[in-house]
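**Q** File input22.cif below, mmCIF, C-alpha atoms:
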data_input
#
loop_
_atom_site.group_PDB
_atom_site.id
_atom_site.type_symbol
_atom_site.label_atom_id
_atom_site.label_comp_id
_atom_site.auth_asym_id
_atom_site.auth_seq_id
_atom_site.Cartn_x
_atom_site.Cartn_y
_atom_site.Cartn_z
ATOM 1 C CA MET A 1438 27.327 -5.838 29.321
ATOM 2 C CA THR A 1439 28.997 -3.237 27.144
ATOM 3 C CA THR A 1440 29.173 -3.164 23.400
ATOM 4 C CA GLY A 1441 32.255 -0.998 23.130
ATOM 5 C CA VAL A 1442 30.414 1.708 21.215
ATOM 6 C CA PRO A 1443 30.561 5.081 22.935
ATOM 7 C CA PRO A 1444 27.205 6.768 23.450
ATOM 8 C CA SER A 1445 26.387 9.358 20.828
ATOM 9 C CA PRO A 1446 26.604 12.927 22.050
ATOM 10 C CA ALA A 1447 23.370 14.822 22.512
ATOM 11 C CA PRO A 1448 22.516 16.904 19.455
ATOM 12 C CA LYS A 1449 23.451 20.549 19.787
ATOM 13 C CA ARG A 1450 20.422 22.767 20.344
ATOM 14 C CA SER A 1451 20.080 25.478 17.710
ATOM 15 C CA ARG A 1452 19.899 29.151 18.627
ATOM 16 C CA ALA A 1453 16.387 29.415 17.178
ATOM 17 C CA ARG A 1454 15.114 26.651 19.462
ATOM 18 C CA THR A 1455 16.740 28.394 22.412
ATOM 19 C CA PHE A 1456 15.652 31.964 21.805
ATOM 20 C CA LEU A 1457 12.270 31.506 20.079
ATOM 21 C CA PRO A 1458 10.362 30.587 23.285
ATOM 22 C CA LEU A 1459 12.032 33.486 25.104
ATOM 23 C CA GLY A 1460 11.126 35.867 22.289
ATOM 24 C CA VAL A 1461 7.486 34.723 22.252
ATOM 25 C CA ALA A 1462 7.252 35.090 26.038
ATOM 26 C CA ALA A 1463 8.768 38.604 25.900
ATOM 27 C CA TRP A 1464 6.386 39.561 23.076
ATOM 28 C CA LEU A 1465 3.348 38.333 25.054
ATOM 29 C CA VAL A 1466 4.425 40.230 28.174
ATOM 30 C CA LEU A 1467 5.000 43.391 26.127
ATOM 31 C CA GLU A 1468 1.595 43.048 24.411
ATOM 32 C CA ILE A 1469 -0.207 42.650 27.742
ATOM 33 C CA TRP A 1470 1.700 45.554 29.287
ATOM 34 C CA LEU A 1471 0.913 47.794 26.301
ATOM 35 C CA LEU A 1472 -2.779 46.860 26.430
ATOM 36 C CA THR A 1473 -2.941 47.758 30.133
ATOM 37 C CA VAL A 1474 -1.155 51.076 29.547
ATOM 38 C CA VAL A 1475 -3.524 52.027 26.709
ATOM 39 C CA ALA A 1476 -6.536 50.837 28.738
ATOM 40 C CA GLY A 1477 -5.415 53.004 31.669
ATOM 41 C CA ALA A 1478 -4.935 56.053 29.442
ATOM 42 C CA ALA A 1479 -7.883 55.765 27.038
ATOM 43 C CA GLY A 1480 -10.260 53.349 28.739
ATOM 44 C CA GLY A 1481 -11.169 49.702 28.397
ATOM 45 C CA LEU A 1482 -13.829 50.289 25.724
ATOM 46 C CA THR A 1483 -11.253 51.968 23.491
ATOM 47 C CA VAL A 1484 -8.928 48.983 23.772
ATOM 48 C CA LEU A 1485 -11.832 46.621 23.081
ATOM 49 C CA ALA A 1486 -12.813 48.660 20.020
ATOM 50 C CA LEU A 1487 -9.192 48.586 18.764
ATOM 51 C CA LEU A 1488 -8.972 44.810 19.183
ATOM 52 C CA VAL A 1489 -12.339 44.139 17.510
ATOM 53 C CA GLY A 1490 -11.514 46.566 14.679
ATOM 54 C CA GLY A 1491 -8.166 44.873 14.134
ATOM 55 C CA ALA A 1492 -9.794 41.434 14.013
ATOM 56 C CA VAL A 1493 -12.440 42.576 11.513
ATOM 57 C CA LEU A 1494 -9.868 44.328 9.307
ATOM 58 C CA GLY A 1495 -7.560 41.295 9.504
ATOM 59 C CA ALA A 1496 -10.371 38.941 8.467
ATOM 60 C CA ALA A 1497 -11.172 41.171 5.485
ATOM 61 C CA VAL A 1498 -7.509 41.287 4.445
ATOM 62 C CA VAL A 1499 -7.095 37.504 4.720
ATOM 63 C CA LYS A 1500 -10.280 36.975 2.692
ATOM 64 C CA ARG A 1501 -9.064 39.387 -0.010
ATOM 65 C CA ALA A 1502 -5.592 37.779 -0.089
ATOM 66 C CA GLY A 1503 -7.147 34.319 -0.367
ATOM 67 C CA ARG A 1504 -9.307 35.400 -3.295
ATOM 68 C CA ARG A 1505 -6.299 36.978 -4.982
ATOM 69 C CA ALA A 1506 -4.249 33.805 -4.465
ATOM 70 C CA PHE A 1507 -7.030 31.678 -5.957
ATOM 71 C CA ARG A 1508 -7.355 34.059 -8.918
ATOM 72 C CA ASN A 1509 -3.568 33.940 -9.497
ATOM 73 C CA LEU A 1510 -3.576 30.143 -9.297
ATOM 74 C CA THR A 1511 -6.446 29.870 -11.764
ATOM 75 C CA SER A 1512 -4.728 32.294 -14.132
ATOM 76 C CA THR A 1513 -1.471 30.339 -13.903
ATOM 77 C CA PHE A 1514 -3.238 27.083 -14.775
ATOM 78 C CA GLN A 1515 -5.021 28.712 -17.700
ATOM 79 C CA GLN A 1516 -1.730 30.129 -19.010
ATOM 80 C CA ALA A 1517 -0.056 26.734 -18.636
ATOM 81 C CA GLN A 1518 -2.857 25.067 -20.588
ATOM 82 C CA ALA A 1519 -2.650 27.713 -23.314
ATOM 83 C CA ALA A 1520 1.125 27.294 -23.458
ATOM 84 C CA ALA A 1521 0.753 23.522 -23.763
ATOM 85 C CA ARG A 1522 -1.713 23.937 -26.651
ATOM 86 C CA THR A 1523 0.293 26.538 -28.562
ATOM 87 C CA GLY A 1524 3.793 25.497 -27.548
ATOM 88 C CA VAL A 1525 4.692 29.081 -26.609
ATOM 89 C CA ALA A 1526 5.593 29.875 -23.015
ATOM 90 C CA PRO A 1527 3.938 32.947 -21.498
ATOM 91 C CA SER A 1528 6.157 36.004 -21.203
ATOM 92 C CA PRO A 1529 7.070 37.192 -17.710
ATOM 93 C CA ALA A 1530 4.764 40.195 -18.172
ATOM 94 C CA ASP A 1531 1.807 37.851 -18.759
ATOM 95 C CA ARG A 1532 2.335 35.885 -15.578
ATOM 96 C CA ALA A 1533 -0.056 37.340 -13.029
ATOM 97 C CA GLY A 1534 0.711 37.399 -9.345
ATOM 98 C CA ALA A 1535 4.470 37.000 -9.567
ATOM 99 C CA ASP A 1536 5.290 40.230 -7.726
ATOM 100 C CA ASP A 1537 2.224 40.987 -5.617
ATOM 101 C CA ARG A 1538 3.701 39.376 -2.440
ATOM 102 C CA ASN A 1539 0.370 37.862 -1.517
ATOM 103 C CA GLY A 1540 1.899 35.772 1.266
ATOM 104 C CA PHE A 1541 3.017 38.886 3.137
ATOM 105 C CA LEU A 1542 -0.452 40.390 2.674
ATOM 106 C CA MET A 1543 -1.990 37.290 4.255
ATOM 107 C CA LEU A 1544 0.567 37.440 7.084
ATOM 108 C CA GLY A 1545 -0.423 41.058 7.674
ATOM 109 C CA GLY A 1546 -4.078 40.031 7.941
ATOM 110 C CA LEU A 1547 -3.222 37.259 10.386
ATOM 111 C CA LEU A 1548 -1.187 39.676 12.514
ATOM 112 C CA LEU A 1549 -4.151 42.057 12.573
ATOM 113 C CA MET A 1550 -6.415 39.245 13.761
ATOM 114 C CA ILE A 1551 -4.128 38.375 16.687
ATOM 115 C CA PRO A 1552 -5.156 40.404 19.755
ATOM 116 C CA GLY A 1553 -2.498 42.931 20.614
ATOM 117 C CA LEU A 1554 -1.315 46.365 19.605
ATOM 118 C CA LEU A 1555 2.213 45.414 18.471
ATOM 119 C CA SER A 1556 0.902 42.673 16.204
ATOM 120 C CA ASP A 1557 -1.675 45.142 14.835
ATOM 121 C CA ALA A 1558 1.084 47.657 14.072
ATOM 122 C CA ALA A 1559 3.151 44.969 12.298
ATOM 123 C CA GLY A 1560 0.054 43.857 10.362
ATOM 124 C CA LEU A 1561 -0.685 47.424 9.275
ATOM 125 C CA LEU A 1562 2.923 47.793 8.085
ATOM 126 C CA LEU A 1563 2.530 44.691 5.930
ATOM 127 C CA LEU A 1564 -0.492 46.250 4.231
ATOM 128 C CA ILE A 1565 1.824 48.838 2.634
ATOM 129 C CA PRO A 1566 2.882 47.548 -0.831
ATOM 130 C CA GLN A 1567 6.398 49.026 -0.604
ATOM 131 C CA VAL A 1568 7.060 47.208 2.675
ATOM 132 C CA ARG A 1569 5.813 43.914 1.206
ATOM 133 C CA SER A 1570 7.988 44.416 -1.879
ATOM 134 C CA PHE A 1571 11.082 45.161 0.226
ATOM 135 C CA LEU A 1572 10.504 42.132 2.464
ATOM 136 C CA GLY A 1573 9.901 39.917 -0.582
ATOM 137 C CA ARG A 1574 13.178 40.960 -2.223
ATOM 138 C CA TYR A 1575 15.022 40.448 1.068
ATOM 139 C CA ALA A 1576 13.511 36.968 1.508
ATOM 140 C CA GLU A 1577 14.431 35.997 -2.083
ATOM 141 C CA ARG A 1578 18.046 37.105 -1.580
ATOM 142 C CA ALA A 1579 18.244 35.245 1.736
ATOM 143 C CA VAL A 1580 16.946 32.022 0.156
ATOM 144 C CA GLU A 1581 19.380 32.367 -2.772
ATOM 145 C CA ARG A 1582 22.293 32.864 -0.353
ATOM 146 C CA ARG A 1583 21.290 29.817 1.691
ATOM 147 C CA MET A 1584 20.875 27.658 -1.418
ATOM 148 C CA GLY A 1585 24.225 28.831 -2.806
ATOM 149 C CA ALA A 1586 26.021 28.055 0.452
ATOM 150 C CA ALA A 1587 24.409 24.631 0.828
ATOM 151 C CA PRO A 1588 26.935 21.782 1.021
ATOM 152 C CA PRO A 1589 26.954 18.985 -1.565
ATOM 153 C CA GLY A 1590 24.427 16.275 -0.864
ATOM 154 C CA SER A 1591 21.883 18.708 0.490
ATOM 155 C CA LEU A 1592 18.465 19.658 -0.836
ATOM 156 C CA GLN A 1593 20.014 22.218 -3.196
ATOM 157 C CA ASP A 1594 22.191 19.538 -4.762
ATOM 158 C CA ALA A 1595 19.135 17.338 -5.291
ATOM 159 C CA PHE A 1596 17.402 20.188 -7.130
ATOM 160 C CA GLN A 1597 20.435 20.620 -9.368
ATOM 161 C CA GLN A 1598 20.446 16.921 -10.234
ATOM 162 C CA ALA A 1599 16.724 16.833 -10.997
ATOM 163 C CA ARG A 1600 16.611 19.782 -13.410
ATOM 164 C CA ILE A 1601 18.199 20.631 -16.725
ATOM 165 C CA HIS A 1602 18.134 24.297 -17.721
ATOM 166 C CA ARG A 1603 17.485 25.123 -21.351
ATOM 167 C CA PRO A 1604 18.977 28.301 -22.883
ATOM 168 C CA ASP A 1605 15.587 30.000 -23.127
ATOM 169 C CA GLY A 1606 15.077 29.710 -19.365
ATOM 170 C CA LYS A 1607 12.679 26.774 -19.410
ATOM 171 C CA VAL A 1608 13.334 23.973 -16.973
ATOM 172 C CA VAL A 1609 12.996 20.473 -18.372
ATOM 173 C CA GLN A 1610 13.085 17.431 -16.142
ATOM 174 C CA GLY A 1611 14.743 14.476 -17.734
ATOM 175 C CA GLU A 1612 17.206 11.643 -17.686
ATOM 176 C CA VAL A 1613 20.264 11.059 -19.853
ATOM 177 C CA ILE A 1614 20.140 7.862 -21.939
ATOM 178 C CA ARG A 1615 23.317 6.958 -23.784
ATOM 179 C CA GLU A 1616 22.971 5.103 -27.071
ATOM 180 C CA GLY A 1617 24.928 1.891 -27.285
ATOM 181 C CA ALA A 1618 24.870 1.454 -23.526
ATOM 182 C CA PRO A 1619 23.376 -1.806 -22.284
ATOM 183 C CA GLN A 1620 19.723 -1.418 -21.353
ATOM 184 C CA GLY A 1621 18.279 -2.886 -18.225
ATOM 185 C CA PRO A 1622 18.610 -2.271 -14.537
ATOM 186 C CA ARG A 1623 21.518 -0.065 -13.681
ATOM 187 C CA ARG A 1624 24.098 -1.358 -11.292
ATOM 188 C CA PRO A 1625 25.161 1.073 -8.599
ATOM 189 C CA GLU A 1626 28.714 2.010 -9.499
ATOM 190 C CA GLY A 1627 29.073 4.810 -7.020
ATOM 191 C CA PRO A 1628 27.684 8.272 -6.485
ATOM 192 C CA ARG A 1629 26.324 9.982 -9.569
ATOM 193 C CA PRO A 1630 27.823 13.362 -10.406
ATOM 194 C CA PRO A 1631 25.390 16.302 -10.380
ATOM 195 C CA LEU A 1632 24.063 17.593 -13.679
ATOM 196 C CA THR A 1633 25.377 21.021 -14.523
ATOM 197 C CA PRO A 1634 23.485 23.586 -16.575
#
Go ahead and render the structure in this file as structure tokens.

**A**
Amino acid sequence: MTTGVPPSPAPKRSRARTFLPLGVAAWLVLEIWLLTVVAGAAGGLTVLALLVGGAVLGAAVVKRAGRRAFRNLTSTFQQAQAAARTGVAPSPADRAGADDRNGFLMLGGLLLMIPGLLSDAAGLLLLIPQVRSFLGRYAERAVERRMGAAPPGSLQDAFQQARIHRPDGKVVQGEVIREGAPQGPRRPEGPRPPLTP
């Protein structure tokens, strides 16, 4: 028995889903090969000392980044409470932790904890503040480009509908209520236009 509806085509597999497993496999093979080369040149105890040292340093970095993140979160809550009491928003200079790129610092610690020399080298690079700052600016620009190129009806459009921007930069969530309009449940008349700043 047929229903007359053609079967839906299989969803197209993204490039990331295709190449990510291959990239991880190549990285693992390269890490193992590099460990054997270094072990052959310097000895197995040297490689073991490098791996243990990287794990200890990575654990210390992750612990430090976690404490810094908690301190930034506590400071942000305290500033928000003070702003709610006084009615004055904190200036950008008062906001702690906005530019310290703590997430990249934690990623560097995690890379140091993973056994392997390439991951240790990448983790050590992320400990350099200039590298973290560069990667943070690049990630912000990439997210802004993706959000700007998002089609209507996407997540970006939902954010635009949910927020109203005030001239002083504050974001106020709200809903427009027209006076004289009948109150009560709203009938769906069609799609609502997005709110514009």

**Q** Do you have the atom CA of A:Ala1492-atom CA of A:Pro1552 distance handy?

**A**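 A separation of 7.5 Å between them.
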
**Q** Show me as an NGL selection string the residues that reach within 12 Å of (2.6, 34.0, 2.2), counting only C-alpha atoms and using the file's own coordinates.

**A** :A and (1499 or 1502-1503 or 1505-1506 or 1537-1547 or 1563 or 1569 or 1572-1573 or 1576)

**Q** Would you pick out the contacts of stretch 1554-1559 of chain A at 12 Å or less, using all atoms listed in the file, so that residues sharing its chain but fewer than 5 positions from it are not included, and give the list as a PyMOL selection string?

**A** chain A and resi 1461+1464-1476+1484-1495+1541-1542+1544-1549+1564-1565+1568-1569

**Q** Have a look at atom CA of A:Gly1553 and atom CA of A:Ser1451 and let me know their distance in Å, one decimal.

**A** 28.7 Å

**Q** What does the distance from atom CA of A:Ala1496 to atom CA of A:Leu1562 come to in Å, to one decimal?

**A**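 Computed distance, atom CA of A:Ala1496 to atom CA of A:Leu1562, equals 16.0 Å.
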
**Q** Between A:Ser1512, A:Val1498, A:Ala1520, A:Gly1617, which is the closest to A:Leu1561 once you count all atoms listed in the file?

**A**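 Among the listed residues, the smallest separation from A:Leu1561 belongs to A:Val1498.
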
**Q** Reconstruct N, CA, C and O atoms of stretch 1471-1491 of chain A from the incomplete input and present them as a PDB file, in the frame of the given file.

**A**
ATOM      1  N   LEU A1471       1.359  46.698  27.153  1.00  0.00           N
ATOM      2  CA  LEU A1471       0.913  47.794  26.301  1.00  0.00           C
ATOM      3  C   LEU A1471      -0.606  47.932  26.330  1.00  0.00           C
ATOM      4  O   LEU A1471      -1.137  49.057  26.352  1.00  0.00           O
ATOM      5  N   LEU A1472      -1.320  46.802  26.336  1.00  0.00           N
ATOM      6  CA  LEU A1472      -2.779  46.860  26.430  1.00  0.00           C
ATOM      7  C   LEU A1472      -3.231  47.485  27.748  1.00  0.00           C
ATOM      8  O   LEU A1472      -4.186  48.278  27.771  1.00  0.00           O
ATOM      9  N   THR A1473      -2.558  47.162  28.844  1.00  0.00           N
ATOM     10  CA  THR A1473      -2.941  47.758  30.133  1.00  0.00           C
ATOM     11  C   THR A1473      -2.614  49.245  30.176  1.00  0.00           C
ATOM     12  O   THR A1473      -3.381  50.022  30.741  1.00  0.00           O
ATOM     13  N   VAL A1474      -1.510  49.647  29.575  1.00  0.00           N
ATOM     14  CA  VAL A1474      -1.155  51.076  29.547  1.00  0.00           C
ATOM     15  C   VAL A1474      -2.188  51.859  28.734  1.00  0.00           C
ATOM     16  O   VAL A1474      -2.670  52.924  29.157  1.00  0.00           O
ATOM     17  N   VAL A1475      -2.541  51.342  27.550  1.00  0.00           N
ATOM     18  CA  VAL A1475      -3.524  52.027  26.709  1.00  0.00           C
ATOM     19  C   VAL A1475      -4.900  52.012  27.376  1.00  0.00           C
ATOM     20  O   VAL A1475      -5.640  53.009  27.319  1.00  0.00           O
ATOM     21  N   ALA A1476      -5.254  50.905  28.043  1.00  0.00           N
ATOM     22  CA  ALA A1476      -6.536  50.837  28.738  1.00  0.00           C
ATOM     23  C   ALA A1476      -6.578  51.831  29.889  1.00  0.00           C
ATOM     24  O   ALA A1476      -7.621  52.449  30.150  1.00  0.00           O
ATOM     25  N   GLY A1477      -5.456  52.030  30.579  1.00  0.00           N
ATOM     26  CA  GLY A1477      -5.415  53.004  31.669  1.00  0.00           C
ATOM     27  C   GLY A1477      -5.504  54.436  31.159  1.00  0.00           C
ATOM     28  O   GLY A1477      -6.099  55.296  31.802  1.00  0.00           O
ATOM     29  N   ALA A1478      -4.936  54.692  29.973  1.00  0.00           N
ATOM     30  CA  ALA A1478      -4.935  56.053  29.442  1.00  0.00           C
ATOM     31  C   ALA A1478      -6.229  56.379  28.697  1.00  0.00           C
ATOM     32  O   ALA A1478      -6.778  57.478  28.838  1.00  0.00           O
ATOM     33  N   ALA A1479      -6.731  55.457  27.897  1.00  0.00           N
ATOM     34  CA  ALA A1479      -7.883  55.765  27.038  1.00  0.00           C
ATOM     35  C   ALA A1479      -9.162  55.062  27.476  1.00  0.00           C
ATOM     36  O   ALA A1479     -10.237  55.429  27.010  1.00  0.00           O
ATOM     37  N   GLY A1480      -9.067  54.058  28.297  1.00  0.00           N
ATOM     38  CA  GLY A1480     -10.260  53.349  28.739  1.00  0.00           C
ATOM     39  C   GLY A1480     -10.350  51.960  28.125  1.00  0.00           C
ATOM     40  O   GLY A1480      -9.816  51.681  27.048  1.00  0.00           O
ATOM     41  N   GLY A1481     -11.045  51.089  28.819  1.00  0.00           N
ATOM     42  CA  GLY A1481     -11.169  49.702  28.397  1.00  0.00           C
ATOM     43  C   GLY A1481     -11.988  49.539  27.125  1.00  0.00           C
ATOM     44  O   GLY A1481     -11.707  48.660  26.303  1.00  0.00           O
ATOM     45  N   LEU A1482     -13.019  50.393  26.941  1.00  0.00           N
ATOM     46  CA  LEU A1482     -13.829  50.289  25.724  1.00  0.00           C
ATOM     47  C   LEU A1482     -13.027  50.653  24.479  1.00  0.00           C
ATOM     48  O   LEU A1482     -13.243  50.074  23.411  1.00  0.00           O
ATOM     49  N   THR A1483     -12.104  51.589  24.623  1.00  0.00           N
ATOM     50  CA  THR A1483     -11.253  51.968  23.491  1.00  0.00           C
ATOM     51  C   THR A1483     -10.367  50.803  23.083  1.00  0.00           C
ATOM     52  O   THR A1483     -10.220  50.508  21.888  1.00  0.00           O
ATOM     53  N   VAL A1484      -9.783  50.138  24.069  1.00  0.00           N
ATOM     54  CA  VAL A1484      -8.928  48.983  23.772  1.00  0.00           C
ATOM     55  C   VAL A1484      -9.756  47.872  23.138  1.00  0.00           C
ATOM     56  O   VAL A1484      -9.327  47.245  22.161  1.00  0.00           O
ATOM     57  N   LEU A1485     -10.963  47.648  23.659  1.00  0.00           N
ATOM     58  CA  LEU A1485     -11.832  46.621  23.081  1.00  0.00           C
ATOM     59  C   LEU A1485     -12.192  46.963  21.643  1.00  0.00           C
ATOM     60  O   LEU A1485     -12.174  46.098  20.760  1.00  0.00           O
ATOM     61  N   ALA A1486     -12.491  48.236  21.383  1.00  0.00           N
ATOM     62  CA  ALA A1486     -12.813  48.660  20.020  1.00  0.00           C
ATOM     63  C   ALA A1486     -11.613  48.484  19.094  1.00  0.00           C
ATOM     64  O   ALA A1486     -11.766  48.057  17.929  1.00  0.00           O
ATOM     65  N   LEU A1487     -10.404  48.789  19.572  1.00  0.00           N
ATOM     66  CA  LEU A1487      -9.192  48.586  18.764  1.00  0.00           C
ATOM     67  C   LEU A1487      -8.987  47.117  18.429  1.00  0.00           C
ATOM     68  O   LEU A1487      -8.659  46.762  17.288  1.00  0.00           O
ATOM     69  N   LEU A1488      -9.181  46.243  19.406  1.00  0.00           N
ATOM     70  CA  LEU A1488      -8.972  44.810  19.183  1.00  0.00           C
ATOM     71  C   LEU A1488     -10.013  44.238  18.228  1.00  0.00           C
ATOM     72  O   LEU A1488      -9.682  43.457  17.332  1.00  0.00           O
ATOM     73  N   VAL A1489     -11.283  44.636  18.398  1.00  0.00           N
ATOM     74  CA  VAL A1489     -12.339  44.139  17.510  1.00  0.00           C
ATOM     75  C   VAL A1489     -12.131  44.690  16.101  1.00  0.00           C
ATOM     76  O   VAL A1489     -12.268  43.962  15.095  1.00  0.00           O
ATOM     77  N   GLY A1490     -11.781  45.971  15.992  1.00  0.00           N
ATOM     78  CA  GLY A1490     -11.514  46.566  14.679  1.00  0.00           C
ATOM     79  C   GLY A1490     -10.359  45.887  13.973  1.00  0.00           C
ATOM     80  O   GLY A1490     -10.410  45.628  12.761  1.00  0.00           O
ATOM     81  N   GLY A1491      -9.302  45.577  14.725  1.00  0.00           N
ATOM     82  CA  GLY A1491      -8.166  44.873  14.134  1.00  0.00           C
ATOM     83  C   GLY A1491      -8.544  43.487  13.656  1.00  0.00           C
ATOM     84  O   GLY A1491      -8.115  43.038  12.578  1.00  0.00           O
TER      85      GLY A1491
END
